[in-house]
Amino acid sequence: MDFDKFFNIVILYYIALFIYAGFYIYAGYSHFKNPKFFYKITPPWIKQWAKPINVIVGVAEIAGGIGLLIPQTRSAAAWGIIALLIAVFPANIYMLTSKGAGMKIKMWFLWLRLPLQLVLIWWAWMYV
């Protein structure tokens with residue numbers, strides 16, 4: 001591989017890293033900015049813990065995003081994000097099966113969210 005191709009791959013790696021980290025930092029912030037949205041998508045069987053779960057997930061997303069930006073914590077942050085994506089998957093299923101949990105969300109988007117979780121897990125795996 002010549003130097004230019006290698007350099008381009010490295011640049012793309014870091015661009016993707018910053019986008020991914022920024023996504024999680026913003027997502028975590030959203031848990032505090034608009035908690036009612038997240039309370040609505042909490043599955044009924046854990047609804048009584050919606051507020052603490054929202055805080056935990058929000059903090060975990062912010063910590064994961066920041067952790068990705070620090071080389072020494074990048075792998076642990078990526079593993080944490082993978083675990084988090086698996087843990088919140090029931091909320092995506094609940095949103096789909098409840099037709100948006102009382103919100104006006106298009107069904108195609110709710111279906112899209114399910115395989116999108118796999119893409120996000122793969123993306124995190126790049127930084128393990």
# chains A, B, ... in the order shown; residues from 1 in each chain; ligands from 1
>>> residues_around(residues="Pro115 in chain A", least_positions_apart="6", cutoff="12 Å", atoms="only C-alpha atoms", output="ChimeraX atom specification")
/A:85,89,92-93,108-109,121-122
>>> residues_around(residues="Val57 in chain A", least_positions_apart="6", cutoff="8 Å", atoms="only C-alpha atoms", output="list in words")
Gly28, His31 and Leu84 of chain A
>>> closest_residue(among="A:Tyr94, A:Leu69, A:Met107, A:Gly100", to="Ala16 in chain A", atoms="only C-alpha atoms")
A:Leu69
>>> closest_residue(among="A:Lys104, A:Val88, A:Asn8, A:Ile62", to="Ile25 in chain A", atoms="only C-alpha atoms")
A:Ile62
>>> select_by_dssp(residues="chain A", states="helix (DSSP H, G or I)", output="ChimeraX atom specification")
/A:3-33,35-40,44-69,74-87,89-97,107-125
>>> closest_residue(among="A:Phe3, A:Tyr127, A:Trp111, A:Tyr26", to="Gln72 in chain A", atoms="only C-alpha atoms")
A:Tyr127
>>> closest_residue(among="A:Lys106, A:Lys99, A:Thr42, A:Leu17", to="Trp125 in chain A", atoms="only C-alpha atoms")
A:Leu17
>>> closest_residue(among="A:Lys51, A:Val128, A:Ile19, A:Asp4", to="Ala76 in chain A", atoms="only C-alpha atoms")
A:Val128
>>> atom_distance(atom1="CA of Ile81 in chain A", atom2="CA of Glu61 in chain A")
7.2 Å
>>> closest_residue(among="A:Trp45, A:Tyr13, A:Tyr39, A:Tyr24", to="Ala60 in chain A", atoms="only C-alpha atoms")
A:Tyr24
>>> residues_around(residues="Ala101 in chain A", least_positions_apart="5", cutoff="9 Å", atoms="only C-alpha atoms", output="PyMOL selection string")
chain A and resi 40-43+94-96
>>> atom_distance(atom1="CA of Gly67 in chain A", atom2="CA of Leu110 in chain A")
28.6 Å
>>> residues_around(residues="Ala77 in chain A", least_positions_apart="5", cutoff="9 Å", atoms="only C-alpha atoms", output="NGL selection string")
:A and (63-68 or 82 or 124 or 127-128)
>>> write_last_selection(atoms="N, CA and C atoms", output="CSV table (one decimal), in the first residue's frame")
chain,number,residue,atom,x,y,z
A,63,ALA,N,-20.1,9.6,28.3
A,63,ALA,CA,-18.8,9.0,28.7
A,63,ALA,C,-18.3,8.2,27.6
A,64,GLY,N,-19.1,7.4,26.9
A,64,GLY,CA,-18.6,6.6,25.8
A,64,GLY,C,-18.1,7.4,24.7
A,65,GLY,N,-18.8,8.5,24.3
A,65,GLY,CA,-18.4,9.4,23.3
A,65,GLY,C,-17.0,10.1,23.6
A,66,ILE,N,-16.9,10.5,24.9
A,66,ILE,CA,-15.7,11.2,25.3
A,66,ILE,C,-14.5,10.1,25.4
A,67,GLY,N,-14.9,8.9,25.9
A,67,GLY,CA,-13.9,7.8,26.0
A,67,GLY,C,-13.3,7.4,24.6
A,68,LEU,N,-14.2,7.5,23.6
A,68,LEU,CA,-13.7,7.2,22.2
A,68,LEU,C,-12.6,8.2,21.8
A,82,ILE,N,-21.0,-0.8,22.7
A,82,ILE,CA,-21.6,-2.1,22.2
A,82,ILE,C,-22.5,-2.6,23.3
A,124,ALA,N,-18.8,0.7,16.3
A,124,ALA,CA,-18.0,0.7,17.6
A,124,ALA,C,-16.9,-0.3,17.6
A,127,TYR,N,-13.3,0.3,16.8
A,127,TYR,CA,-12.5,1.0,17.8
A,127,TYR,C,-12.1,0.2,19.0
A,128,VAL,N,-12.5,-1.1,19.0
A,128,VAL,CA,-12.1,-2.0,20.1
A,128,VAL,C,-10.6,-2.3,20.1
>>> decode(residues="range 16-45 of chain A", atoms="N, CA and C atoms", output="PDB file, in the first residue's frame")
ATOM      1  N   ALA A  16     -14.396   9.318  10.918  1.00  0.00           N
ATOM      2  CA  ALA A  16     -15.468   8.445  11.402  1.00  0.00           C
ATOM      3  C   ALA A  16     -15.490   8.406  12.926  1.00  0.00           C
ATOM      4  N   LEU A  17     -14.324   8.386  13.541  1.00  0.00           N
ATOM      5  CA  LEU A  17     -14.230   8.375  15.004  1.00  0.00           C
ATOM      6  C   LEU A  17     -14.861   9.635  15.595  1.00  0.00           C
ATOM      7  N   PHE A  18     -14.519  10.797  15.066  1.00  0.00           N
ATOM      8  CA  PHE A  18     -15.058  12.051  15.597  1.00  0.00           C
ATOM      9  C   PHE A  18     -16.571  12.155  15.377  1.00  0.00           C
ATOM     10  N   ILE A  19     -17.046  11.689  14.239  1.00  0.00           N
ATOM     11  CA  ILE A  19     -18.494  11.690  13.979  1.00  0.00           C
ATOM     12  C   ILE A  19     -19.193  10.769  14.972  1.00  0.00           C
ATOM     13  N   TYR A  20     -18.649   9.571  15.151  1.00  0.00           N
ATOM     14  CA  TYR A  20     -19.262   8.585  16.046  1.00  0.00           C
ATOM     15  C   TYR A  20     -19.250   9.076  17.493  1.00  0.00           C
ATOM     16  N   ALA A  21     -18.123   9.602  17.930  1.00  0.00           N
ATOM     17  CA  ALA A  21     -18.026  10.124  19.297  1.00  0.00           C
ATOM     18  C   ALA A  21     -18.995  11.293  19.483  1.00  0.00           C
ATOM     19  N   GLY A  22     -19.046  12.184  18.513  1.00  0.00           N
ATOM     20  CA  GLY A  22     -19.961  13.321  18.588  1.00  0.00           C
ATOM     21  C   GLY A  22     -21.411  12.884  18.646  1.00  0.00           C
ATOM     22  N   PHE A  23     -21.735  11.841  17.894  1.00  0.00           N
ATOM     23  CA  PHE A  23     -23.095  11.291  17.904  1.00  0.00           C
ATOM     24  C   PHE A  23     -23.476  10.867  19.316  1.00  0.00           C
ATOM     25  N   TYR A  24     -22.583  10.161  20.004  1.00  0.00           N
ATOM     26  CA  TYR A  24     -22.897   9.680  21.350  1.00  0.00           C
ATOM     27  C   TYR A  24     -22.911  10.797  22.381  1.00  0.00           C
ATOM     28  N   ILE A  25     -22.029  11.742  22.246  1.00  0.00           N
ATOM     29  CA  ILE A  25     -22.047  12.876  23.176  1.00  0.00           C
ATOM     30  C   ILE A  25     -23.358  13.638  23.028  1.00  0.00           C
ATOM     31  N   TYR A  26     -23.783  13.874  21.782  1.00  0.00           N
ATOM     32  CA  TYR A  26     -25.050  14.569  21.558  1.00  0.00           C
ATOM     33  C   TYR A  26     -26.244  13.719  22.013  1.00  0.00           C
ATOM     34  N   ALA A  27     -26.208  12.423  21.732  1.00  0.00           N
ATOM     35  CA  ALA A  27     -27.302  11.544  22.150  1.00  0.00           C
ATOM     36  C   ALA A  27     -27.430  11.555  23.668  1.00  0.00           C
ATOM     37  N   GLY A  28     -26.299  11.500  24.356  1.00  0.00           N
ATOM     38  CA  GLY A  28     -26.332  11.542  25.814  1.00  0.00           C
ATOM     39  C   GLY A  28     -26.897  12.851  26.329  1.00  0.00           C
ATOM     40  N   TYR A  29     -26.472  13.943  25.733  1.00  0.00           N
ATOM     41  CA  TYR A  29     -26.991  15.262  26.080  1.00  0.00           C
ATOM     42  C   TYR A  29     -28.508  15.314  25.868  1.00  0.00           C
ATOM     43  N   SER A  30     -28.989  14.675  24.821  1.00  0.00           N
ATOM     44  CA  SER A  30     -30.423  14.662  24.511  1.00  0.00           C
ATOM     45  C   SER A  30     -31.246  14.023  25.619  1.00  0.00           C
ATOM     46  N   HIS A  31     -30.647  13.081  26.340  1.00  0.00           N
ATOM     47  CA  HIS A  31     -31.355  12.443  27.451  1.00  0.00           C
ATOM     48  C   HIS A  31     -31.688  13.452  28.548  1.00  0.00           C
ATOM     49  N   PHE A  32     -30.883  14.489  28.669  1.00  0.00           N
ATOM     50  CA  PHE A  32     -31.112  15.515  29.689  1.00  0.00           C
ATOM     51  C   PHE A  32     -31.910  16.699  29.133  1.00  0.00           C
ATOM     52  N   LYS A  33     -31.748  16.950  27.851  1.00  0.00           N
ATOM     53  CA  LYS A  33     -32.458  18.056  27.220  1.00  0.00           C
ATOM     54  C   LYS A  33     -33.936  17.724  27.015  1.00  0.00           C
ATOM     55  N   ASN A  34     -34.239  16.488  26.630  1.00  0.00           N
ATOM     56  CA  ASN A  34     -35.607  16.074  26.327  1.00  0.00           C
ATOM     57  C   ASN A  34     -35.900  14.713  26.952  1.00  0.00           C
ATOM     58  N   PRO A  35     -35.894  14.626  28.281  1.00  0.00           N
ATOM     59  CA  PRO A  35     -36.075  13.315  28.919  1.00  0.00           C
ATOM     60  C   PRO A  35     -37.439  12.684  28.660  1.00  0.00           C
ATOM     61  N   LYS A  36     -38.478  13.485  28.445  1.00  0.00           N
ATOM     62  CA  LYS A  36     -39.817  12.922  28.241  1.00  0.00           C
ATOM     63  C   LYS A  36     -39.874  12.016  27.014  1.00  0.00           C
ATOM     64  N   PHE A  37     -39.096  12.350  25.992  1.00  0.00           N
ATOM     65  CA  PHE A  37     -39.036  11.478  24.810  1.00  0.00           C
ATOM     66  C   PHE A  37     -38.553  10.092  25.219  1.00  0.00           C
ATOM     67  N   PHE A  38     -37.514  10.044  26.027  1.00  0.00           N
ATOM     68  CA  PHE A  38     -36.924   8.761  26.425  1.00  0.00           C
ATOM     69  C   PHE A  38     -37.801   8.020  27.429  1.00  0.00           C
ATOM     70  N   TYR A  39     -38.547   8.760  28.246  1.00  0.00           N
ATOM     71  CA  TYR A  39     -39.491   8.096  29.154  1.00  0.00           C
ATOM     72  C   TYR A  39     -40.551   7.357  28.336  1.00  0.00           C
ATOM     73  N   LYS A  40     -40.991   7.978  27.238  1.00  0.00           N
ATOM     74  CA  LYS A  40     -42.037   7.370  26.411  1.00  0.00           C
ATOM     75  C   LYS A  40     -41.580   6.074  25.759  1.00  0.00           C
ATOM     76  N   ILE A  41     -40.308   5.986  25.406  1.00  0.00           N
ATOM     77  CA  ILE A  41     -39.844   4.785  24.693  1.00  0.00           C
ATOM     78  C   ILE A  41     -39.320   3.713  25.645  1.00  0.00           C
ATOM     79  N   THR A  42     -39.432   3.959  26.939  1.00  0.00           N
ATOM     80  CA  THR A  42     -39.032   2.945  27.915  1.00  0.00           C
ATOM     81  C   THR A  42     -40.085   1.841  27.915  1.00  0.00           C
ATOM     82  N   PRO A  43     -39.676   0.597  27.723  1.00  0.00           N
ATOM     83  CA  PRO A  43     -40.664  -0.496  27.708  1.00  0.00           C
ATOM     84  C   PRO A  43     -41.442  -0.567  29.027  1.00  0.00           C
ATOM     85  N   PRO A  44     -42.704  -0.984  28.966  1.00  0.00           N
ATOM     86  CA  PRO A  44     -43.567  -0.996  30.159  1.00  0.00           C
ATOM     87  C   PRO A  44     -43.001  -1.790  31.338  1.00  0.00           C
ATOM     88  N   TRP A  45     -42.288  -2.863  31.076  1.00  0.00           N
ATOM     89  CA  TRP A  45     -41.794  -3.710  32.162  1.00  0.00           C
ATOM     90  C   TRP A  45     -40.672  -3.064  32.977  1.00  0.00           C
TER      91      TRP A  45
END
